[in-house]
Amino acid sequence: MVTLTENPRPVATGPGRRRREVARGQSWLAAAMLSPTLIVLALVVFYPLVAAMRESFYTSGETLDADGFVVEGERFSGLANYAGVTGERFMNAAFNTTLFTVVTVLLEVVLGVGMALVMNRAFRGRAFLRASILIPWAVPTAVSGLMWKWIFQADGVANALLGTQILWTAEGVYAKFAVIIADTWKTAPFVGLLVLAGLQIIPHEVYEAARVDGASPRQTFWRITLPLVRPALLVAVLFRLMDALRIFDLPYVLIGPRKQSVETLSGLIWDEATRVHYGPASAYGTALFVYIALIAFVFVKLLGADLLSDVRARKKEAVDAA
């Protein structure tokens with residue numbers, strides 16, 4: 001009687017198996033090294049986020065029940081706290097936040113690229129110029145707000161130079177201008193610093209070849225400098241977008257709290273929380289989080305596709321080389 005047996009599966013041997021074992025070991029090592037960071041992030045980021053989302057579905061304080069008795073404590077209210085998202089105050093704060101973000105980021109990109117081009121040139125005193133340009137970024141926001149509040153006083157430097165009597169720090173459109181000017185002055189050097197880092201990794205041979213081909217400075221900027229510095233510029237713009245959408249301290253110090261013309265979403269959340277309206281404050285905070293996440297996602301999908309594809313290509317090349 002003949003017994004048929006299955007052929008055993010061949011065991012992979014050779015360089016391919018060794019590469020897979022090395023890659024598996026490196027993955028476990030990377031996970032072990034990242035675990036402390038992930039634990040800290042879970043404690044200081046994810047837990048507060050989940051707690052805020054939970055709080056947005058509850059209402060705290062005193063109220064009357066169906067029998068007319070006073071009831072204290074926390075009660076489930078469903079989506080009642082999110083009704084304020086469509087209210088006039090929330091929409092005004094969302095408009096102010098979006099306006100400040102769009103205008104300041106555009107101005108900071110233009111000024112930051114100009115600063116980076118100047119700082120990248122080789123001339124005597126370049127180190128002093130770089131330090132001078134970066135001073136506004138090093139100044140704390142509260143100090144910067146107080147300084148600009150002094151400049152924009154009725155009898156301050158701004159009105160003295162312009163020969164006007166504008167009330168910059170009162171309600172109105174001039175308060176918006178004051179916040180935009182102060183924020184651009186402070187954070188444009190940040191964009192310039194990141195763009196400068198991108199400029200310094202561009203090979204000089206590229207510019208030499210452009211000069212040999214007879215390219216003008218304008219053609220060199222648009223066809224060589226800007227495309228090659230694009231990854232660093234995208235990172236700078238993304239960071240500034242997420243930071244500007246959370247703006248709070250500068251309008252608070254420069255103009256003041258509860259000012260309709262400059263109230264942002266973060267300011268609205270702070271005001272609701274200080275008045276012990278934790279449910280609406282959590283709901284507004286959740287809405288702001290979704291807004292920032294959506295803006296970041298759209299930005300990366302529309303403008304950062306090439307950057308992400310380059311990262312994936314480098315990662316694939318590293319894996320193939322291993």
# chains A, B, ... in the order shown; residues from 1 in each chain; ligands from 1
>>> residues_around(residues="region 170-187 of chain A", least_positions_apart="4", cutoff="6 Å", atoms="only C-alpha atoms", output="short mmCIF file (atom, residue, chain, number, x, y, z; two decimals) with C-alpha atoms, in the first residue's frame")
data_model
loop_
_atom_site.label_atom_id
_atom_site.label_comp_id
_atom_site.auth_asym_id
_atom_site.auth_seq_id
_atom_site.Cartn_x
_atom_site.Cartn_y
_atom_site.Cartn_z
CA THR A 104 -1.37 86.61 7.74
CA GLU A 108 4.21 85.85 5.98
CA PRO A 136 10.64 89.01 16.47
CA TRP A 137 10.16 85.24 16.43
CA SER A 261 -14.15 92.48 15.70
#
>>> residues_around(residues="Glu263 (chain A)", least_positions_apart="3", cutoff="12 Å", atoms="only C-alpha atoms", output="MDAnalysis selection string")
chainID A and resid 89:100 171:172 175:176 179 246:260 266:271
>>> residues_around(residues="Ala154 (chain A)", least_positions_apart="2", cutoff="10 Å", atoms="only C-alpha atoms", output="JSON, numbers by chain")
{"A": [149, 150, 151, 152, 156, 157, 158, 159, 160, 164, 165, 166, 167, 168, 169, 170]}
>>> write_last_selection(atoms="all heavy atoms", output="short mmCIF file (atom, residue, chain, number, x, y, z; two decimals), in the first residue's frame")
data_model
loop_
_atom_site.label_atom_id
_atom_site.label_comp_id
_atom_site.auth_asym_id
_atom_site.auth_seq_id
_atom_site.Cartn_x
_atom_site.Cartn_y
_atom_site.Cartn_z
N LYS A 149 0.60 97.06 21.41
CA LYS A 149 -0.47 97.85 22.03
C LYS A 149 0.02 99.26 22.35
O LYS A 149 -0.73 100.24 22.20
CB LYS A 149 -0.95 97.14 23.30
CG LYS A 149 -2.19 97.77 23.91
CD LYS A 149 -2.71 96.92 25.06
CE LYS A 149 -4.01 97.50 25.61
NZ LYS A 149 -4.57 96.64 26.70
N TRP A 150 1.25 99.38 22.79
CA TRP A 150 1.84 100.70 23.03
C TRP A 150 2.01 101.46 21.71
O TRP A 150 1.77 102.66 21.64
CB TRP A 150 3.17 100.53 23.73
CG TRP A 150 3.93 101.81 23.89
CD1 TRP A 150 3.67 102.84 24.75
CD2 TRP A 150 5.07 102.21 23.12
NE1 TRP A 150 4.58 103.85 24.58
CE2 TRP A 150 5.46 103.49 23.60
CE3 TRP A 150 5.81 101.61 22.10
CZ2 TRP A 150 6.54 104.18 23.07
CZ3 TRP A 150 6.90 102.29 21.58
CH2 TRP A 150 7.25 103.56 22.06
N ILE A 151 2.42 100.75 20.65
CA ILE A 151 2.60 101.41 19.34
C ILE A 151 1.26 101.91 18.80
O ILE A 151 1.19 103.00 18.21
CB ILE A 151 3.26 100.43 18.35
CG1 ILE A 151 4.69 100.11 18.79
CG2 ILE A 151 3.24 100.98 16.93
CD1 ILE A 151 5.38 99.06 17.94
N PHE A 152 0.18 101.13 18.99
CA PHE A 152 -1.11 101.46 18.41
C PHE A 152 -2.00 102.29 19.34
O PHE A 152 -3.20 102.40 19.10
CB PHE A 152 -1.85 100.19 18.01
CG PHE A 152 -1.30 99.53 16.78
CD1 PHE A 152 -0.94 98.20 16.79
CD2 PHE A 152 -1.16 100.25 15.60
CE1 PHE A 152 -0.44 97.59 15.65
CE2 PHE A 152 -0.65 99.66 14.46
CZ PHE A 152 -0.29 98.32 14.48
N GLY A 156 0.23 106.95 20.23
CA GLY A 156 1.39 106.07 20.04
C GLY A 156 2.18 106.38 18.79
O GLY A 156 1.94 107.37 18.07
N VAL A 157 3.14 105.50 18.52
CA VAL A 157 4.06 105.70 17.42
C VAL A 157 3.36 105.61 16.07
O VAL A 157 3.66 106.38 15.14
CB VAL A 157 5.20 104.67 17.51
CG1 VAL A 157 6.17 104.81 16.33
CG2 VAL A 157 5.95 104.80 18.83
N ALA A 158 2.41 104.69 15.93
CA ALA A 158 1.74 104.50 14.64
C ALA A 158 1.01 105.75 14.20
O ALA A 158 1.16 106.22 13.06
CB ALA A 158 0.78 103.32 14.73
N ASN A 159 0.22 106.34 15.09
CA ASN A 159 -0.50 107.57 14.73
C ASN A 159 0.45 108.74 14.53
O ASN A 159 0.19 109.63 13.71
CB ASN A 159 -1.52 107.90 15.82
CG ASN A 159 -2.76 107.01 15.74
OD1 ASN A 159 -3.09 106.52 14.67
ND2 ASN A 159 -3.42 106.82 16.86
N ALA A 160 1.55 108.76 15.28
CA ALA A 160 2.52 109.85 15.10
C ALA A 160 3.18 109.78 13.73
O ALA A 160 3.39 110.81 13.08
CB ALA A 160 3.57 109.78 16.20
N THR A 164 -2.29 110.57 12.07
CA THR A 164 -3.71 110.31 12.23
C THR A 164 -4.04 110.15 13.71
O THR A 164 -3.16 110.17 14.57
CB THR A 164 -4.12 109.03 11.47
OG1 THR A 164 -3.35 107.92 11.98
CG2 THR A 164 -3.86 109.19 9.98
N GLN A 165 -5.32 109.98 13.99
CA GLN A 165 -5.80 109.72 15.34
C GLN A 165 -6.71 108.48 15.33
O GLN A 165 -7.84 108.51 15.78
CB GLN A 165 -6.56 110.94 15.88
CG GLN A 165 -5.69 112.15 16.16
CD GLN A 165 -4.69 111.87 17.28
OE1 GLN A 165 -4.98 111.15 18.23
NE2 GLN A 165 -3.50 112.46 17.16
N ILE A 166 -6.20 107.39 14.78
CA ILE A 166 -6.97 106.16 14.66
C ILE A 166 -6.97 105.42 15.99
O ILE A 166 -5.93 105.30 16.65
CB ILE A 166 -6.38 105.26 13.54
CG1 ILE A 166 -6.47 105.98 12.19
CG2 ILE A 166 -7.11 103.93 13.49
CD1 ILE A 166 -5.79 105.23 11.06
N LEU A 167 -8.11 104.90 16.37
CA LEU A 167 -8.22 104.08 17.57
C LEU A 167 -8.00 102.62 17.17
O LEU A 167 -8.94 101.86 16.93
CB LEU A 167 -9.60 104.28 18.22
CG LEU A 167 -9.93 105.71 18.67
CD1 LEU A 167 -11.33 105.77 19.26
CD2 LEU A 167 -8.90 106.20 19.69
N TRP A 168 -6.72 102.23 17.11
CA TRP A 168 -6.36 100.90 16.61
C TRP A 168 -6.86 99.79 17.54
O TRP A 168 -7.23 98.71 17.07
CB TRP A 168 -4.85 100.79 16.48
CG TRP A 168 -4.25 101.71 15.47
CD1 TRP A 168 -3.78 102.96 15.68
CD2 TRP A 168 -4.07 101.45 14.07
NE1 TRP A 168 -3.30 103.51 14.52
CE2 TRP A 168 -3.46 102.60 13.50
CE3 TRP A 168 -4.34 100.36 13.24
CZ2 TRP A 168 -3.13 102.69 12.16
CZ3 TRP A 168 -4.02 100.45 11.89
CH2 TRP A 168 -3.43 101.58 11.37
N THR A 169 -6.83 100.00 18.84
CA THR A 169 -7.14 98.94 19.80
C THR A 169 -8.60 98.96 20.25
O THR A 169 -8.94 98.31 21.24
CB THR A 169 -6.22 99.05 21.01
OG1 THR A 169 -6.37 100.35 21.61
CG2 THR A 169 -4.78 98.83 20.61
N ALA A 170 -9.45 99.70 19.56
CA ALA A 170 -10.88 99.68 19.86
C ALA A 170 -11.58 98.75 18.88
O ALA A 170 -10.96 98.14 18.01
CB ALA A 170 -11.46 101.10 19.78
#
>>> residues_around(residues="Gly84 (chain A)", least_positions_apart="6", cutoff="9 Å", atoms="only C-alpha atoms", output="list of chain:residue names")
A:Phe90, A:Pro280, A:Ala283, A:Tyr284
>>> closest_residue(among="A:Pro189, A:Pro48, A:Gly285, A:Gly279", to="Met119 (chain A)", atoms="only C-alpha atoms")
A:Pro189
>>> closest_residue(among="A:Ile224, A:Asp243, A:Ala116, A:Glu208", to="Leu129 (chain A)", atoms="only C-alpha atoms")
A:Ala116
